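Written below as structure tokens is the structure these notes are about.
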Amino acid sequence: MAGLLQQPGYEEERLQRISELLPCREVQAGLLLSLMGQPQQYCYPSIFIFGHRSSGKSHVLNVLLKELELPHATVSCVECVSATLLFEEVLLSFFGSDAASLLPRSPSLSDFVRVYRLHRSQFPAKQTRYVIMEKAELLRDAEANLLPALLRFQELVEDNVAVILLSEIVWDTFRPNTGCFEPLLLHFPDYSKGELQQILSRDRHPSYSAEFYSSYINILLGVFYSVCRDLRELRHLAALNFPKFCEPLEAGKVKETDTHKLWKNIEPHLKKAMQTVYLREVSSLQWEQMQQVEEHEAGALRGLSAHTHVELPYYSKFLLIAAYLASYNPARTDKRFFLKHHGKIKKTNFLKKNEKTSNHLLGPKPFPLDRLLAIFYSVVDSRVAPTASIFSQISSLVTLQLLVQVSHDDQLDAPKYKCAVSLDFITAVSRTVNFEIVKYLYDFL
Amino acid sequence: MSTSSLSKGCFVFKPSPKKRKKALGLESYFIRVCEGAESSQLRFKLCQDLWDKIKTETEVLQDELNRTVLDSLLEFIRKCSSTRQHDAWASQMRASEIPTAALMLGVNVPDHDMTFQSLSELLRQSVTPLVASIQAKECGALKQLMKKVLEGLMDTEVDDDSDDDEEEEEGREQSQLRRSMHCSLATLCDWYMSKTKKPCGGTLGKKRSSSVINERQPPVVIIFKDLEAFNPRVLQDFILICSRYIQRLPLAFIFGIATSPSTIQRVLPHSVSSLLCIELFQSLSCTRHLTTVFDKLILTPSFPFKLNGRVMQVLMSVFLYHDFSVRNFIKGLQLALLEHFASQPLSVLCCGKEEALRNGARLGPGDLERVRQLPSFGRYVEKQEAQEQDELMIDDNYLKDLCQKLIKDLHKYHKCYYPILRCLHTLTSSLPRYPLGKQIRELHLICLERNVWETEDYQSAMKLLKMMAKDELILLLQRCAEILQTVKMKNDLVRLEELLSRFKQLDAAAETVPNVEENLISPAKNLQKKTDLFQLQKTLLEMNESRRSKKLTPFQALRNEALELIDSLVKSYLSPPESKPLYEACYYSSSAAVRRHLNATPRTSIQAALSSPHLYLQNDSLKTEDGTVSNAAPDICIAYKLHLEGGRLINLCDWLEAYATVVSAAEGNDPNSDSFGKVDEVKHAHFIRAVSELEFLGFIKTTRQKTDHVARLTWGGC
């Protein structure tokens with residue numbers, strides 16, 4: 001296996017170590033290495049690496065650059081709230097803090113290039129310098145000239161420098177309208193089940209044998225592989241549940257080799273973990289505590305989504321109900337529901353073609369404030385004065401995200417809203433005020 | 001002010017601090033608005049004292065109520081900072097999550113501030129000095145969020161690269177210095193490292209006591225006050241960034257959630273929420289909070305200031321129907337307090353018993369005249385004999401002496417009212433269908449309004465109580481006895497306890513006499529004989545009769561006796577305050593004022609302003625008798641009045657004609673002259689302006705249904 005990584009200009013010993021650190025990624029690492037060439041050789045100006053979460057992109061690059069001691073700057077784009085931070089980070093890691101301080105306040109791209117060139121002439125590159133941009137997809141939201149400039153950075157600064165972009169999505173979504181230099185694309189495929197097994201088995205618990213841990217990983221993957229292929233997450237789950245797996249062993253009930261019994265013990269537990277701790281319904285700390293207490297007590301712990309009850313003031317409830325009705329009933333049907341002598345309307349003739357599909361399938365529709373209030377006044381059982389607090393309740397419902405304001409904040413005239421709660425939620429709310437919402441919903445007529 | 005400039009333009013005059021007038025003190029404001037100036041200072045002092053007392057009381061209460069949840073939160077933060085070390089293997093394997101507390105606070109957003117304030121204070125005192133709390137409205141973008149967090153933690157201004165003009169003026173040197181501070185977590189991380197590296201934790205903050213911070217690595221707590229309002233994108237990015245630093249920086253989050261914890265899942269995708277280790281904390285519900293506040297502030301004789309039923313109803317309905325906010329409730333109470341002391345000169349008597357007696361002795365002749373005019377006092381006088389009546393109306397000294405007695409009576413009434421109210425509540429709160437309310441405040445409202453024993457609900461409650469089983473009844477009566485024990489109501493307590501002991505004796509006696517029920521069976525036997533319908537009816541009636549007149553078992557007799565005692569207590573102590581003379585001194589009754597201030601109705605006031613402008617302009621010449629608008633009123637009022645006469649669609653041309661006619665009459669033109677009612681340019685302009693103002697206020701809107709017409713938008717009153 002170690003033979004795969006070969007590149008002149010680097011010590012054989014280091015390459016050996018690297019290939020040990022990068023299991024199942026030898027092909028990609030070898031390809032990268034050959035692209036990078038020998039330390040002093042120019043590299044291809046920009047490389048774009050993409051692949052799913054935790055498919056080893058950053059890991060491979062970090063190991064390569066660290067072990068081979070190449071000059072590099074790693075920048076996470078999510079952290080760079082402004083381009084300034086990005087520029088500074090690059091300059092700082094290549095030329096030290098003096099260079100970074102030369103940048104003017106809120107520098108432009110050309111400032112950055114100027115400063116870089118100034119320092120490049122002072123400290124010319126002996127080896128290729130690498131700029132690594134993690135989460136590069138966020139560069140699309142940055143200024144329009146940043147991404148194209150980074151792609152031909154080598155040209156701009158006339159230096160032996162290469163930019164490596166890491167992203168979870170494909171290059172096609174990046175390409176700007178104006179066109180740009182095409183980077184070299186490199187795909188990191190997902191780990192296969194076998195590879196995951198191989199990687200996860202490597203970090204065995206020091207006090208147990210490798211085979212034992214490997215069999216544990218096998219069981220774990222059997223349960224979780226269908227829902228989760230994220231290495232980081234799997235490792236986390238493995239660590240969380242391992243004590244439980246070892247429990248019968250500690251108690252002396254079974255031997256290490258008795259896989260079937262161990263499987264029987266852990267399998268329901270893992271299934272439960274999949275429903276709770278994996279979805280973060282229950283925090284990992286609580287999960288650990290739960291493992292310590294006895295099984296029968298553990299059922300008492302309720303997940304996050306179990307608490308859905310929301311206590312609202314009386315009129316807020318009716319406002320929410322009115323909003324729901326306004327969102328899910330066609331406006332023309334209001335007459336039928338809220339007028340006393342509406343006459344009979346046949347459903348079929350009455351409908352336009354597109355209204356025949358269930359409104360609940362189409363999702364909430366926006367409605368103006370007047371309609372909300374009109375429905376509110378006819379729904380609420382007592383006479384309500386249109387006081388300021390009624391209006392302020394509408395806006396507090398918006399901040400609670402139970403309503404969504406569709407029109408822009410600045411639009412004072414006839415603001416529009418949408419109702420953002422589910423049918424279950426609204427039926428629960430209307431039950432507390434003895435209002436039969438289903439009778440007023442057009443879909444359930 | 002003048003300038004030396006020759007050109008026209010706008011000039012800004014910054015007020016110089018010396019010239020500014022000295023702000024009027026609270027007291028002088030109070031004295032200016034209040035009626036009956038003689039005692040205003042005294043009243044202001046009383047009011048101030050009472051408010052201070054209420055304020056401290058509520059703060060203490062708030063702290064007590066939140067103690068459990070805050071304590072467990074503190075424990076959580078403490079724990080998460082200390083249990084970072086698992087055994088080596090596990091810690092290496094596990095993804096490092098950011099410990100996160102989801103604090104459920106309920107929808108009463110105005111109350112949250114106090115909770116967060118005490119939370120961050122407690123955190124600072126006992127766990128870590130590094131606490132930053134941020135609000136959504138300050139953090140529209142990630143940059144601002146970062147800035148707020150860093151500012152909160154580092155107690156300094158941070159450079160955020162915004163191009164403020166003012167900063168350019170600052171010395172180049174200074175900006176050079178500040179340049180090194182960028183809003184990034186890396187900066188924070190470095191700062192944290194340099195802080196914690198120092199050998200003793202005392203350097204962390206000069207102000208804070210250094211002894212508490214004995215841990216070397218205090219956690220960094222970031223409080224998100226209103227999670228729902230945050231931009232999800234910003235929040236996600238921030239969490240992603242934080243998770244990159246969690247190894248070096250012991251971060252912990254606290255999410256303040258108003259609705260339900262599922263918001264977290266709605267706001268954050270799995271890829272982000274998997275970086276958090278979320279634990280749930282539930283705070284006290286606002287209704288329970290209110291109940292406690294009610295208990296401590298309203299249902300107690302220790303606060304002399306009282307609200308009458310109507311005002312109470314307004315405050316309660318604002319709470320239950322509109323906002324659920326305890327803070328607003330207390331604000332309402334404060335408003336009522338201020339209004340009471342400002343508007344009621346006799347409120348000098350609204351204070352503790354001793355002080356009230358002292359103030360009562362110092363009542364001036366004007367005050368005594370006011371006492372005579374009180375409706376409650378009038379009712380009292382009517383009940384007296386003729387001679388006494390005369391004396392009361394004439395002799396000031398005699399009245400003063402009587403006032404002393406009446407004040408004492410009033411205090412005594414309060415002293416007994418609340419314990420008996422609680423007793424009645426304990427007895428009735430567990431009855432099926434709650435005839436007298438589930439909460440004590442409902443019962444209190446009933447008692448404030450009328451004689452509770454005359455209501456139907458009370459009768460039905462008593463009927464239900466008469467059917468109560470022995471164990472339950474004894475339990476409830478015991479609880480009543482406990483309530484009476486806490487206050488000094490000797491006589492009634494003795495009577496109640498005597499009853500209780502008899503109940504217990506009954507237990508012992510019942511075992512010895514088991515065969516009471518035998519004679520009950522005999523009439524039923526008669527039924528089995530063949531009888532015609534008439535006979536049957538007769539026997540049934542007889543049975544009914546006999547059952548009614550049947551000798552009561554000892555328990556039943558005793559039960560009736562106990563309930564009679566309760567009934568007599570209720571009748572003697574729970575009469576409404578209106579029946580007590582001088583009650584106006586302590587009870588605030590203007591519910592309209594409270595409602596107007598707390599539950600404003602913008603549309604009603606606009607309409608009032610438009611239809612009766614003389615009230616707002618304070619100009620009596622605009623006043624008219626029959627609800628019409630004077631033709632000298634402002635343009636918009638005339639236009640409004642005319643538009644009320646129109647239908648759904650209003651013809652602009654007709655409207656203008658009518659307007660011109662009205663205005664011409666105001667100008668005093670001769671109705672017969674040619675120019676009368678003619679539309680000239682000035683009138684036209686006035687009219688157009690009035691119409692556009694009405695449109696702005698939302699009374700009309702332009703429509704395309706008919707040319708030159710506008711649609712009317714409002715109908716009817718309010």
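How things are named: the first chain in the structure tokens is A, the next is B, and so on; residues count from 1 in each chain; ligands count from 1 in the order shown.
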Chain A residues near chain B within 7 Å, closest pair each, using only C-alpha atoms, as a tab-separated table:
```
residue	atom	partner	partner_atom	distance
A:Val78	CA	B:Asp237	CA	6.4
A:Glu79	CA	B:Ile241	CA	5.8
A:Val81	CA	B:Lys143	CA	5.9
A:Arg105	CA	B:Asp161	CA	6.8
A:Ser106	CA	B:Asp161	CA	5.9
A:His205	CA	B:Trp89	CA	6.5
A:Arg232	CA	B:Ala95	CA	6.7
A:Arg235	CA	B:Met93	CA	6.1
A:His236	CA	B:Arg94	CA	4.4
A:Ala239	CA	B:Ala90	CA	5.8
A:Arg280	CA	B:Ser274	CA	6.4
A:Ser283	CA	B:Cys277	CA	4.9
A:Ser284	CA	B:Cys277	CA	6.2
A:Leu304	CA	B:Pro261	CA	5.7
A:Ser305	CA	B:Ser262	CA	5.0
A:His307	CA	B:Ser260	CA	6.3
A:Thr308	CA	B:Ser260	CA	5.4
A:His309	CA	B:Ser260	CA	6.7
A:Val310	CA	B:Thr259	CA	5.6
A:Glu311	CA	B:Gly106	CA	6.9
A:Leu312	CA	B:Val107	CA	6.6
A:Pro313	CA	B:Tyr321	CA	5.0
A:Tyr314	CA	B:Tyr321	CA	4.4
A:Tyr315	CA	B:Tyr321	CA	5.3
A:Ser316	CA	B:His322	CA	7.0
A:Pro386	CA	B:Thr601	CA	6.3
A:Thr387	CA	B:Thr601	CA	4.2
A:Ala388	CA	B:Ala600	CA	5.4
A:Ser389	CA	B:Asn599	CA	6.3
A:Thr399	CA	B:Ala229	CA	5.4
A:Leu400	CA	B:Glu228	CA	5.7
A:Gln401	CA	B:Glu228	CA	6.3
```
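Within 12 Å of region 386-401 of chain B, once only C-alpha atoms are used and residues closer than 6 positions along the same chain are dropped, the contacting residues are Leu357, Arg358, Asn359, Gly360, Ala361, Arg362, Leu363, Gly364, Pro365, Gly366, Asp367, Leu368, Glu369, Arg370, Val371, Arg372, Gln373, Phe377, Gly378, Arg379, Tyr380, Ile407 and Lys408 of chain B.
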I need the chosen residues saved as a PDB file, in the first residue's frame, with N, CA and C atoms.
```pdb
ATOM      1  N   LEU B 357     -53.889  56.655  61.236  1.00  0.00           N
ATOM      2  CA  LEU B 357     -54.557  57.287  62.375  1.00  0.00           C
ATOM      3  C   LEU B 357     -53.977  58.672  62.623  1.00  0.00           C
ATOM      4  N   ARG B 358     -52.642  58.749  62.498  1.00  0.00           N
ATOM      5  CA  ARG B 358     -51.987  60.034  62.715  1.00  0.00           C
ATOM      6  C   ARG B 358     -52.442  61.042  61.658  1.00  0.00           C
ATOM      7  N   ASN B 359     -52.425  60.575  60.392  1.00  0.00           N
ATOM      8  CA  ASN B 359     -52.862  61.475  59.328  1.00  0.00           C
ATOM      9  C   ASN B 359     -54.321  61.848  59.473  1.00  0.00           C
ATOM     10  N   GLY B 360     -55.097  60.876  59.976  1.00  0.00           N
ATOM     11  CA  GLY B 360     -56.518  61.127  60.165  1.00  0.00           C
ATOM     12  C   GLY B 360     -56.746  62.229  61.190  1.00  0.00           C
ATOM     13  N   ALA B 361     -55.894  62.253  62.202  1.00  0.00           N
ATOM     14  CA  ALA B 361     -56.050  63.264  63.243  1.00  0.00           C
ATOM     15  C   ALA B 361     -55.721  64.653  62.713  1.00  0.00           C
ATOM     16  N   ARG B 362     -54.948  64.697  61.604  1.00  0.00           N
ATOM     17  CA  ARG B 362     -54.517  65.993  61.105  1.00  0.00           C
ATOM     18  C   ARG B 362     -55.330  66.486  59.910  1.00  0.00           C
ATOM     19  N   LEU B 363     -56.455  65.839  59.682  1.00  0.00           N
ATOM     20  CA  LEU B 363     -57.263  66.220  58.520  1.00  0.00           C
ATOM     21  C   LEU B 363     -57.749  67.658  58.659  1.00  0.00           C
ATOM     22  N   GLY B 364     -57.585  68.412  57.593  1.00  0.00           N
ATOM     23  CA  GLY B 364     -58.018  69.807  57.606  1.00  0.00           C
ATOM     24  C   GLY B 364     -59.514  69.910  57.340  1.00  0.00           C
ATOM     25  N   PRO B 365     -60.060  71.087  57.471  1.00  0.00           N
ATOM     26  CA  PRO B 365     -61.507  71.250  57.229  1.00  0.00           C
ATOM     27  C   PRO B 365     -61.893  70.887  55.791  1.00  0.00           C
ATOM     28  N   GLY B 366     -61.022  71.210  54.853  1.00  0.00           N
ATOM     29  CA  GLY B 366     -61.316  70.859  53.455  1.00  0.00           C
ATOM     30  C   GLY B 366     -61.439  69.361  53.290  1.00  0.00           C
ATOM     31  N   ASP B 367     -60.495  68.659  53.887  1.00  0.00           N
ATOM     32  CA  ASP B 367     -60.506  67.205  53.798  1.00  0.00           C
ATOM     33  C   ASP B 367     -61.757  66.633  54.436  1.00  0.00           C
ATOM     34  N   LEU B 368     -62.136  67.231  55.570  1.00  0.00           N
ATOM     35  CA  LEU B 368     -63.323  66.720  56.261  1.00  0.00           C
ATOM     36  C   LEU B 368     -64.564  66.922  55.406  1.00  0.00           C
ATOM     37  N   GLU B 369     -64.563  68.040  54.683  1.00  0.00           N
ATOM     38  CA  GLU B 369     -65.692  68.278  53.782  1.00  0.00           C
ATOM     39  C   GLU B 369     -65.729  67.195  52.711  1.00  0.00           C
ATOM     40  N   ARG B 370     -64.521  66.822  52.236  1.00  0.00           N
ATOM     41  CA  ARG B 370     -64.449  65.757  51.226  1.00  0.00           C
ATOM     42  C   ARG B 370     -64.951  64.429  51.795  1.00  0.00           C
ATOM     43  N   VAL B 371     -64.621  64.211  53.055  1.00  0.00           N
ATOM     44  CA  VAL B 371     -65.093  62.980  53.685  1.00  0.00           C
ATOM     45  C   VAL B 371     -66.605  62.945  53.669  1.00  0.00           C
ATOM     46  N   ARG B 372     -67.201  64.113  53.982  1.00  0.00           N
ATOM     47  CA  ARG B 372     -68.669  64.162  54.042  1.00  0.00           C
ATOM     48  C   ARG B 372     -69.289  63.881  52.683  1.00  0.00           C
ATOM     49  N   GLN B 373     -68.508  64.221  51.627  1.00  0.00           N
ATOM     50  CA  GLN B 373     -69.078  64.023  50.298  1.00  0.00           C
ATOM     51  C   GLN B 373     -68.877  62.616  49.757  1.00  0.00           C
ATOM     52  N   PHE B 377     -69.522  57.302  52.798  1.00  0.00           N
ATOM     53  CA  PHE B 377     -69.793  57.968  54.068  1.00  0.00           C
ATOM     54  C   PHE B 377     -71.265  58.384  54.139  1.00  0.00           C
ATOM     55  N   GLY B 378     -71.777  58.839  52.991  1.00  0.00           N
ATOM     56  CA  GLY B 378     -73.187  59.215  52.928  1.00  0.00           C
ATOM     57  C   GLY B 378     -74.075  58.052  53.325  1.00  0.00           C
ATOM     58  N   ARG B 379     -73.747  56.882  52.774  1.00  0.00           N
ATOM     59  CA  ARG B 379     -74.540  55.701  53.112  1.00  0.00           C
ATOM     60  C   ARG B 379     -74.477  55.400  54.598  1.00  0.00           C
ATOM     61  N   TYR B 380     -73.294  55.616  55.132  1.00  0.00           N
ATOM     62  CA  TYR B 380     -73.114  55.355  56.568  1.00  0.00           C
ATOM     63  C   TYR B 380     -73.969  56.305  57.387  1.00  0.00           C
ATOM     64  N   ILE B 407     -61.344  54.332  60.331  1.00  0.00           N
ATOM     65  CA  ILE B 407     -60.066  53.836  59.815  1.00  0.00           C
ATOM     66  C   ILE B 407     -59.727  52.504  60.463  1.00  0.00           C
ATOM     67  N   LYS B 408     -59.924  52.462  61.768  1.00  0.00           N
ATOM     68  CA  LYS B 408     -59.635  51.212  62.481  1.00  0.00           C
ATOM     69  C   LYS B 408     -60.486  50.084  61.933  1.00  0.00           C
TER      70      LYS B 408
END
```
Item to complete: Please provide the set of residues having any atom within 10 Å of His119 (chain A), restricted to only C-alpha atoms, with same-chain residues fewer than 4 positions apart removed, written as an MDAnalysis selection string.
Response: chainID A and resid 91 94:95 98:99 113:115 123:124
Using only C-alpha atoms, the residue out of A:Val227, A:Ile47, A:Leu369, A:Ala83 with shortest distance to Pro183 (chain A) is A:Ile47
**Item:** Backbone DSSP call of alpha helix (DSSP H) for region 356-459 of chain B, listed as a PyMOL selection string
**Value:** chain B and resi 356-361+365-373+375-383+386-394+396-428+440-449+456-459
Excluding Asp258 (chain A) and residues on its chain fewer than 5 positions from it, collect all residues at most 12 Å away from it, counting only C-alpha atoms, and give them as a count of residues only. 12
message = Just want the 12 Å neighbourhood of Ser46 (chain A), counted on only C-alpha atoms, with same-chain residues fewer than 2 positions away dropped. Output as number ranges by chain.
response = A: 32, 35-36, 42-44, 48-49, 129-133, 147-155, 160-166, 180-186
Those in region 531-707 of chain B with strand (DSSP E or B) from DSSP, as a list in words =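 Restricting region 531-707 of chain B to strand (DSSP E or B) produces Tyr587, Tyr588, Leu649, Ile650, Asn651, Ile700, Lys701 and Thr702 of chain B.
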Counting only C-alpha atoms, closest pick from A:Leu103, A:Thr257, A:Asp443, A:Ala251 relative to Ala210 (chain A) is A:Thr257
